[in-house]
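> Submitted below is the structure of interest, expressed as structure tokens.
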Amino acid sequence: MYTVLGSTKNRTLRVIWTLEELGVPYKQVVGNPGSAEVKALNPTGKVPALIVEGEVLTDSVAIITFLSDRHNSLTFPAGSVERLRMDGHIHFLLEEFDSLLWVAAKNSFINPVEQRAEAVKPVLKWEFARSLQRLEERLQGDYLMGDTFTISDIVAAHCLNWALIAKFPEPSEALKTYAKRCRGREAYKRALADT
Ligand SMILES: N[C@@H](CCC(=O)N[C@@H](CS)C(=O)NCC(=O)O)C(=O)O
């Protein structure tokens with residue numbers, strides 16, 4: 001049985017959503033980053049973490065890649081051209097979405113007050129608007145990989161949710177429709193049950 005550490009208010013959503021899509025049983029230990037409950041299992045205080053066979057595994061994209069490979073769903077076989085394309089979408093999302101949102105979060109409420117640079121935020125928002133256009137160009141129909149919903153869509157939809165909360169530039173109508181399609185999945189709705 002898998003145990004997931006964290007809540008769907010943060011990157012943990014990626015892991016819970018993946019497990020719900022896979023239909024695999026799991027337990028969830030709900031806790032905020034840095035809380036005593038989290039540190040008891042993951043001393044860095046970071047979430048998400050997945051506990052498998054006594055091992056504490058971290059980093060959301062590594063975890064969902066592991067789960068999708070292990071359960072042979074939401075991905076493509078390693079070594080296939082489709083896998084390269086899907087992995088490329090994920091790298092793009094980490095570099096051009098997640099990293100901008102994370103730098104904004106660190107400069108808003110995570111870093112100590114004296115280590116926050118307000119001036120960086122307009123630049124991040126400008127870069128984000130450019131990344132939105134690039135994401136739209138990557139869409140191949142209903143999902144990033146065409147008809148097949150994959151873990152790359154989970155990362156994309158999570159980043160679009162995060163951008164909404166962070167008040168980053170609004171996506172185009174096409175991307176809003178895409179995000180709505182992802183959020184309309186039953187597994188997504190089940191995943192949100194902890195909030
Ligand atoms: N690359 C990691 C980042 C993990 C991470 O930074 N998680 C945040 C919450 S989404 C956290 O635990 N922040 C608390 C901190 O940085 O101390 C992942 O994708 O899981």
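Just so we're on the same page: first chain in the structure tokens is A, next is B, and so on; residues restart at 1 for each chain, and ligands are numbered from 1 in the order they show up.
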Considering only C-alpha atoms, tabulate each residue of region 62-130 of chain A that lies at most 12 Å from region 3-21 of chain A along with its nearest interatomic pair and the corresponding distance in Å to one decimal; arrange the rows by chain and ascending residue number and present them as CSV.

```
residue,atom,partner,partner_atom,distance
A:Ala62,CA,A:Val15,CA,9.8
A:Ile63,CA,A:Val15,CA,7.0
A:Ile64,CA,A:Val15,CA,5.9
A:Thr65,CA,A:Thr18,CA,9.4
A:Phe66,CA,A:Val15,CA,10.4
A:Leu67,CA,A:Leu19,CA,7.7
A:Ser68,CA,A:Thr18,CA,7.7
A:Asp69,CA,A:Thr18,CA,11.4
A:Arg70,CA,A:Leu19,CA,11.4
A:His71,CA,A:Leu19,CA,9.8
A:Asn72,CA,A:Glu21,CA,11.7
A:Ser73,CA,A:Glu21,CA,8.8
A:Leu74,CA,A:Glu21,CA,8.1
A:Thr75,CA,A:Thr18,CA,10.9
A:Leu94,CA,A:Arg11,CA,11.9
A:Asp98,CA,A:Arg11,CA,9.8
A:Leu101,CA,A:Arg11,CA,11.6
A:Trp102,CA,A:Arg11,CA,10.7
A:Ala105,CA,A:Asn10,CA,11.5
```
> Could the residues that lie within 8 Å of ligand 1, counting only C-alpha atoms and all ligand atoms, be listed as a PyMOL selection string?
chain A and resi 9-12+32-34+44-49+58-62+102+110
> DSSP on the backbone, strand (DSSP E) only: what residues of region 30-144 of chain A does that give? Format it as a PyMOL selection string.
chain A and resi 49-52+55-58
> My list of candidates is A:Val81, A:Pro43, A:Met1, A:Ala156. Which is closest to Tyr26 (chain A) when distances are computed with only C-alpha atoms?
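Checking each of A:Val81, A:Pro43, A:Met1, A:Ala156 against Tyr26 (chain A), counting only C-alpha atoms, the winner is A:Met1.
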> Set the distance at 8 Å and use only C-alpha atoms: which residues neighbour region 127-130 of chain A once local chain neighbours fewer than 3 positions away are removed? I'd like the list as a PDB file with N, CA and C atoms, in the first residue's frame.

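Everything below was put into part_1.pdb:
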```
ATOM      1  N   GLU A  96       9.336  26.152 -17.569  1.00  0.00           N
ATOM      2  CA  GLU A  96       8.643  27.378 -17.995  1.00  0.00           C
ATOM      3  C   GLU A  96       7.376  27.710 -17.205  1.00  0.00           C
ATOM      4  N   PHE A  97       6.927  26.791 -16.356  1.00  0.00           N
ATOM      5  CA  PHE A  97       5.747  27.058 -15.519  1.00  0.00           C
ATOM      6  C   PHE A  97       6.093  26.913 -14.038  1.00  0.00           C
ATOM      7  N   LEU A 100       8.785  29.293 -12.555  1.00  0.00           N
ATOM      8  CA  LEU A 100       8.370  30.699 -12.419  1.00  0.00           C
ATOM      9  C   LEU A 100       7.442  30.861 -11.216  1.00  0.00           C
ATOM     10  N   VAL A 123       8.703  40.378 -14.054  1.00  0.00           N
ATOM     11  CA  VAL A 123       9.483  39.607 -15.040  1.00  0.00           C
ATOM     12  C   VAL A 123       8.934  38.181 -15.128  1.00  0.00           C
ATOM     13  N   LEU A 124       8.666  37.602 -13.964  1.00  0.00           N
ATOM     14  CA  LEU A 124       8.128  36.229 -13.937  1.00  0.00           C
ATOM     15  C   LEU A 124       6.784  36.169 -14.652  1.00  0.00           C
ATOM     16  N   GLN A 133       1.573  30.827 -24.227  1.00  0.00           N
ATOM     17  CA  GLN A 133       1.453  30.695 -25.699  1.00  0.00           C
ATOM     18  C   GLN A 133       2.139  29.422 -26.170  1.00  0.00           C
ATOM     19  N   ARG A 134       3.288  29.141 -25.575  1.00  0.00           N
ATOM     20  CA  ARG A 134       4.042  27.948 -25.991  1.00  0.00           C
ATOM     21  C   ARG A 134       3.313  26.665 -25.599  1.00  0.00           C
ATOM     22  N   PHE A 168      -1.294  34.959 -11.654  1.00  0.00           N
ATOM     23  CA  PHE A 168      -0.428  35.090 -12.823  1.00  0.00           C
ATOM     24  C   PHE A 168      -1.311  35.355 -14.046  1.00  0.00           C
ATOM     25  N   PRO A 169      -0.720  35.739 -15.203  1.00  0.00           N
ATOM     26  CA  PRO A 169      -1.529  36.058 -16.378  1.00  0.00           C
ATOM     27  C   PRO A 169      -2.514  34.941 -16.743  1.00  0.00           C
ATOM     28  N   GLU A 170      -3.675  35.381 -17.225  1.00  0.00           N
ATOM     29  CA  GLU A 170      -4.760  34.429 -17.558  1.00  0.00           C
ATOM     30  C   GLU A 170      -4.446  33.668 -18.838  1.00  0.00           C
ATOM     31  N   PRO A 171      -4.804  32.402 -18.876  1.00  0.00           N
ATOM     32  CA  PRO A 171      -4.605  31.649 -20.116  1.00  0.00           C
ATOM     33  C   PRO A 171      -5.629  32.033 -21.188  1.00  0.00           C
TER      34      PRO A 171
END
```
> Looking only at the backbone, which of the residues in region 88-179 of chain A does DSSP tag as helix (DSSP H, G or I), as JSON, numbers by chain?
{"A": [88, 89, 90, 91, 92, 93, 94, 95, 96, 97, 98, 99, 100, 101, 102, 103, 104, 105, 106, 107, 108, 109, 110, 113, 114, 115, 120, 121, 122, 123, 124, 125, 126, 127, 128, 129, 130, 131, 132, 133, 134, 135, 136, 137, 138, 151, 152, 153, 154, 155, 156, 157, 158, 159, 160, 161, 162, 163, 164, 165, 173, 174, 175, 176, 177, 178, 179]}
> At what distance in Å, to one decimal, does CA of Gly23 (chain A) lie from CA of Arg190 (chain A)?
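Rounded to one decimal, the two atoms are 10.7 Å apart.
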> Could you check which of A:Ile151, A:Trp162, A:Lys39, A:Glu55 is closest to His91 (chain A), using only C-alpha atoms?
A:Ile151
> Skipping near chain neighbours, those fewer than 6 positions away, what residues fall within 9 Å of Lys106 (chain A) using only C-alpha atoms, listed as a list in words?
Pro112, Gln115 and Arg116 of chain A
> Please report the interatomic distance between CA of Glu173 (chain A) and CA of Phe92 (chain A) in Å with one decimal.
20.8 Å
> One number please: CA of Ala179 (chain A) to CA of Asp153 (chain A), in Å, one decimal.
8.8 Å
> Go through A:Gly184, A:Asn161, A:Lys27, A:Val155 and flag the residue nearest His89 (chain A), using only C-alpha atoms for the distances.
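Smallest separation from His89 (chain A) among the options: A:Val155.
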